[in-house]
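Everything on this sheet refers to the single structure shown next.
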Amino acid sequence: MQQRPGIQGPPPGCPAHGNVQLFGPQFGSDPDAHYEHLRSLGPSAPVDIAPGVEVELVTSYDAALYILQNPASFVRDSRRWRALNEGRVPEDSPALPMMGYRPNALFSDGAAHARLRQAVTDSLATINEIQLVRQTQQSADYLVSRFSSDRLGQAELMAEYAQPLPLLVFSDLFGCPPEIGDRVIVGISGIFDGTAGADQVLGEALGELIALKRRRPGNDLTTRLMEHSAQLTDEEVLHQLVTLLSGGTAPLSATIGTSSALILGEDWQTGLPVEDAVGQALWNYAPIANYAAHYPTHDVELGGRMLRANDPVVISFAAANTDPRLAEHREQLSAKAHLSFGAGPHACPAKDPAFVIAVTAVESLLNRLPDIEVRVPFKDLSWVPAPWSRSLVALPVRFTPRAVAPTPAQAAQQTPTPTPHHTPGLAPQPAVPAAPKAKPGLFSRFLAWTRGE
């Protein structure tokens with residue numbers, strides 16, 4: 001195997017059994033070298049995806065497609081997970097939130113999966129693309145307005161743009177009122193950050209949203225899920241909303257960040273459309289890198305290896321998309337033949353809206369800040385050292401600062417307040433102090449901005 005510069009021999013394995021470790025700084029610094037070594041072992045190989053958690057990782061495009069399109073032999077219900085059922089998975093393992101069973105379409109099979117998925121796909125199909133573009137542009141305008149007047153003309157796009165933008169769009173699509181939207185964003189962000197209690201914050205916020213839509217239905221995804229002919233329970237609606245949030249926001253953030261870095265990079269060919277940058281990000285930097293655990297219903301031989309029933313088989317979308325065997329006919333493949341949105345019965349139902357949001361977000365950034373440029377070469381950018389996603393840690397940029405016009409509320413604050421007139425002989429009454437208000441969150445501030453407050 002030809003080694004990359006700086007990589008001496010195969011990546012280090014777990015001391016217990018020699019498996020390649022798919023986590024930590026060394027993996028994060030060069031995941032492609034790890035995939036290259038794993039490919040030399042066959043279409044799949046055992047890896048440790050977290051300390052003490054062994055899975056079979058599929059790195060071959062053809063093998064990945066075979067598993068994704070073969071629901072009779074490979075199912076998604078992680079309650080089959082042998083090691084978990086035998087108590088061999090650490091209770092505090094970071095793999096559990098990603099692989100543990102949840103009552104949603106992602107972890108269901110057969111008729112149960114078809115019922116939940118139909119409700120999700122039908123609800124998503126009602127999204128108006130023109131309105132979605134406007135929602136994304138409005139979210140982009142708000143976020144750019146927050147940093148574009150920086151006197152140094154600098155910003156960090158992951159934290160200030162790519163990460164919050166999908167959260168604003170999804171909160172809007174769900175029909176969240178301001179305060180509930182704030183808590184939804186805090187909850188889902190906390191889950192990805194590993195914040196204690198974040199899942200409870202998200203669950204309570206979505207529970208209140210569902211109760212609100214029971215009383216006052218709206219023109220939003222939450223209401224459409226609730227009114228679907230599949231007759232989902234409130235708990236089922238909640239879990240489908242969590243799936244849309246977790247499966248939509250973080251991968252979208254990664255795609256927006258990577259696409260922006262590519263199109264602003266020194267190697268980008270001027271004149272190529274934004275769609276090409278998003279497509280390249282999906283092909284070469286799969287935002288969901290290693291995920292979609294499947295459980296064989298029986299022992300299956302794959303490329304000379306025996307995959308045992310009920311042992312997790314994880315798809316490496318990142319490795320499959322960059323499989324060298326594709327190089328010969330990559331140009332003949334459809335631009336959408338990558339596996340970043342999955343394939344088969346569990347393919348991402350929101351892939352079309354996701355692509356629209358990503359393209360619109362990058363276009364809006366370039367339109368609002370036409371001279372924006374990255375401050376670090378693409379090759380020197382750092383990636384999050386986790387196996388599940390391929391996302392930039394940070395994307396520092398510079399641009400010419402732009403003045404931001406004050407909102408009507410800000411303009412009113414700048415107008416001198418007239419001195420109140422007091423009647424002679426009457427002492428002014430002291431004002432009653434108002435009860436302190438909770439600081440508005442991101443979604444509240446965004447909605448206030450849209451209203452010019």
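As shown in the structure tokens, the chain order sets the letters A, B, ...; within each chain, residues go from 1, and ligands are also counted from 1 in the order they appear.
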Inset, instruction - List every residue of segment 191-411 of chain A that DSSP, applied to the backbone of this structure, assigns to alpha helix (DSSP H), and report them as an NGL selection string. - result: :A and (191-193 or 198-215 or 221-227 or 234-263 or 274-284 or 317-321 or 351-368 or 408-411)
Inset, instruction - Name the residues in contact with Ile256 of chain A at a cut-off of 7 Å, using only C-alpha atoms, excluding same-chain residues fewer than 4 positions from it; report them as a ChimeraX atom specification. - result: /A:162,252,260,358,361-362
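Look at Ser389 of chain A: the protein and nucleic acid residues within 7 Å of it, using only C-alpha atoms and passing over chain neighbours fewer than 3 places away, are Pro287, Ile288, Ala289, Asn290 and Ala386 of chain A.
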Could you build a table of the residues in segment 86-124 of chain A lying no more than 12 Å from segment 313-322 of chain A, giving for each the nearest pair of atoms and their separation in Å rounded to one decimal place, using only C-alpha atoms, ordered by chain and ascending residue number, as JSON lines?
```
{"residue": "A:Ala95", "atom": "CA", "partner": "A:Val314", "partner_atom": "CA", "distance": 11.7}
{"residue": "A:Met98", "atom": "CA", "partner": "A:Val314", "partner_atom": "CA", "distance": 11.5}
{"residue": "A:Met99", "atom": "CA", "partner": "A:Val314", "partner_atom": "CA", "distance": 9.7}
```
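Taking atom CA of Arg451 of chain A and atom CA of Ser145 of chain A as endpoints, the distance between them is 14.6 Å.
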Legend entry - A:His298, A:Phe174, A:Val186, A:Ser253 ranked by distance to Leu221 of chain A, top pick (using only C-alpha atoms): A:Phe174
Legend entry - Shell around Asp267 of chain A at 10 Å using only C-alpha atoms, local window under 4 positions removed, as a list in words: Leu262, Ile263, Pro377 and Phe378 of chain A
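Relative to atom CA of Ala250 of chain A, atom CA of Trp449 of chain A is found at 24.1 Å.
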Inset, instruction - List the neighbours of segment 31-47 of chain A out to 7 Å using only C-alpha atoms; skip same-chain residues closer than 5 positions along the sequence, and give me the result as a PyMOL selection string. - result: chain A and resi 4+10-11+19-22+54-60+63+303+319
Legend entry - Selection: 12 Å around Ile130 of chain A, only C-alpha atoms, excl. self and same-chain fewer than 3 positions, as a VMD selection string: chain A and resid 126 to 127 133 to 137 353 356 to 357 360
Legend entry - Distance query segment 149-153 of chain A at most 9 Å, only C-alpha atoms, self and fewer than 5 positions along chain excluded, as a PyMOL selection string: chain A and resi 144+397-404
Legend entry - Using only C-alpha atoms: which of A:Val359, A:Ala293, A:Asn219, A:Ala347 has the shortest distance to Ala277 of chain A: A:Val359
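With only C-alpha atoms as the atoms that count, the residue of A:Ala254, A:Val274, A:Ile188, A:Ile67 with the shortest distance to Ser364 of chain A is A:Val274.
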Using DSSP assignments from the backbone, pull out every residue in segment 221-423 of chain A that falls under strand (DSSP E) and give it to me as a PDB file with N, CA and C atoms, in the first residue's frame.
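Result file follows (states-v7.pdb):
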```pdb
ATOM      1  N   ASN A 290     -19.183   8.002   8.947  1.00  0.00           N
ATOM      2  CA  ASN A 290     -19.301   6.582   9.288  1.00  0.00           C
ATOM      3  C   ASN A 290     -20.532   6.409  10.173  1.00  0.00           C
ATOM      4  N   TYR A 291     -21.541   5.761   9.621  1.00  0.00           N
ATOM      5  CA  TYR A 291     -22.813   5.685  10.362  1.00  0.00           C
ATOM      6  C   TYR A 291     -23.653   4.547   9.775  1.00  0.00           C
ATOM      7  N   ALA A 292     -24.957   4.613   9.992  1.00  0.00           N
ATOM      8  CA  ALA A 292     -25.904   3.649   9.416  1.00  0.00           C
ATOM      9  C   ALA A 292     -25.540   2.220   9.795  1.00  0.00           C
ATOM     10  N   ALA A 293     -25.493   1.933  11.101  1.00  0.00           N
ATOM     11  CA  ALA A 293     -25.197   0.569  11.545  1.00  0.00           C
ATOM     12  C   ALA A 293     -26.308  -0.381  11.102  1.00  0.00           C
ATOM     13  N   HIS A 294     -25.906  -1.485  10.491  1.00  0.00           N
ATOM     14  CA  HIS A 294     -26.829  -2.540  10.082  1.00  0.00           C
ATOM     15  C   HIS A 294     -26.494  -3.806  10.871  1.00  0.00           C
ATOM     16  N   TYR A 295     -27.486  -4.656  11.030  1.00  0.00           N
ATOM     17  CA  TYR A 295     -27.315  -5.893  11.788  1.00  0.00           C
ATOM     18  C   TYR A 295     -27.747  -7.061  10.908  1.00  0.00           C
ATOM     19  N   PRO A 296     -26.791  -7.934  10.523  1.00  0.00           N
ATOM     20  CA  PRO A 296     -27.154  -9.078   9.694  1.00  0.00           C
ATOM     21  C   PRO A 296     -28.185  -9.967  10.396  1.00  0.00           C
ATOM     22  N   VAL A 300     -23.358 -13.701   7.154  1.00  0.00           N
ATOM     23  CA  VAL A 300     -23.217 -13.348   5.739  1.00  0.00           C
ATOM     24  C   VAL A 300     -21.734 -13.274   5.389  1.00  0.00           C
ATOM     25  N   GLU A 301     -21.339 -13.892   4.299  1.00  0.00           N
ATOM     26  CA  GLU A 301     -19.959 -13.775   3.830  1.00  0.00           C
ATOM     27  C   GLU A 301     -19.859 -12.582   2.888  1.00  0.00           C
ATOM     28  N   LEU A 302     -18.901 -11.720   3.144  1.00  0.00           N
ATOM     29  CA  LEU A 302     -18.716 -10.533   2.315  1.00  0.00           C
ATOM     30  C   LEU A 302     -17.224 -10.366   2.051  1.00  0.00           C
ATOM     31  N   ARG A 305     -14.848 -12.267   4.283  1.00  0.00           N
ATOM     32  CA  ARG A 305     -15.029 -12.127   5.733  1.00  0.00           C
ATOM     33  C   ARG A 305     -16.437 -12.564   6.111  1.00  0.00           C
ATOM     34  N   MET A 306     -16.579 -13.206   7.271  1.00  0.00           N
ATOM     35  CA  MET A 306     -17.878 -13.634   7.747  1.00  0.00           C
ATOM     36  C   MET A 306     -18.448 -12.566   8.684  1.00  0.00           C
ATOM     37  N   LEU A 307     -19.563 -11.989   8.289  1.00  0.00           N
ATOM     38  CA  LEU A 307     -20.263 -11.017   9.128  1.00  0.00           C
ATOM     39  C   LEU A 307     -21.277 -11.788   9.957  1.00  0.00           C
ATOM     40  N   VAL A 313     -22.613  -3.716  11.556  1.00  0.00           N
ATOM     41  CA  VAL A 313     -21.867  -3.447  10.329  1.00  0.00           C
ATOM     42  C   VAL A 313     -22.125  -1.980   9.974  1.00  0.00           C
ATOM     43  N   VAL A 314     -21.091  -1.162  10.070  1.00  0.00           N
ATOM     44  CA  VAL A 314     -21.230   0.286   9.885  1.00  0.00           C
ATOM     45  C   VAL A 314     -20.742   0.669   8.490  1.00  0.00           C
ATOM     46  N   ILE A 315     -21.519   1.509   7.817  1.00  0.00           N
ATOM     47  CA  ILE A 315     -21.164   1.981   6.478  1.00  0.00           C
ATOM     48  C   ILE A 315     -20.250   3.202   6.583  1.00  0.00           C
ATOM     49  N   SER A 316     -19.091   3.134   5.951  1.00  0.00           N
ATOM     50  CA  SER A 316     -18.224   4.310   5.855  1.00  0.00           C
ATOM     51  C   SER A 316     -18.574   5.028   4.556  1.00  0.00           C
ATOM     52  N   GLU A 373     -12.591  35.931   1.825  1.00  0.00           N
ATOM     53  CA  GLU A 373     -11.544  34.951   1.523  1.00  0.00           C
ATOM     54  C   GLU A 373     -11.140  34.244   2.814  1.00  0.00           C
ATOM     55  N   VAL A 374     -10.642  33.009   2.666  1.00  0.00           N
ATOM     56  CA  VAL A 374     -10.230  32.245   3.838  1.00  0.00           C
ATOM     57  C   VAL A 374      -8.859  32.716   4.305  1.00  0.00           C
ATOM     58  N   PRO A 396     -11.830  30.245   9.512  1.00  0.00           N
ATOM     59  CA  PRO A 396     -11.584  31.685   9.665  1.00  0.00           C
ATOM     60  C   PRO A 396     -11.524  32.392   8.304  1.00  0.00           C
ATOM     61  N   VAL A 397     -12.212  33.532   8.216  1.00  0.00           N
ATOM     62  CA  VAL A 397     -12.270  34.293   6.961  1.00  0.00           C
ATOM     63  C   VAL A 397     -12.030  35.767   7.241  1.00  0.00           C
ATOM     64  N   ARG A 398     -11.753  36.511   6.154  1.00  0.00           N
ATOM     65  CA  ARG A 398     -11.651  37.968   6.241  1.00  0.00           C
ATOM     66  C   ARG A 398     -12.405  38.577   5.081  1.00  0.00           C
TER      67      ARG A 398
END
```
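Atom CA of Glu227 of chain A is found 9.5 Å from atom CA of Arg214 of chain A.
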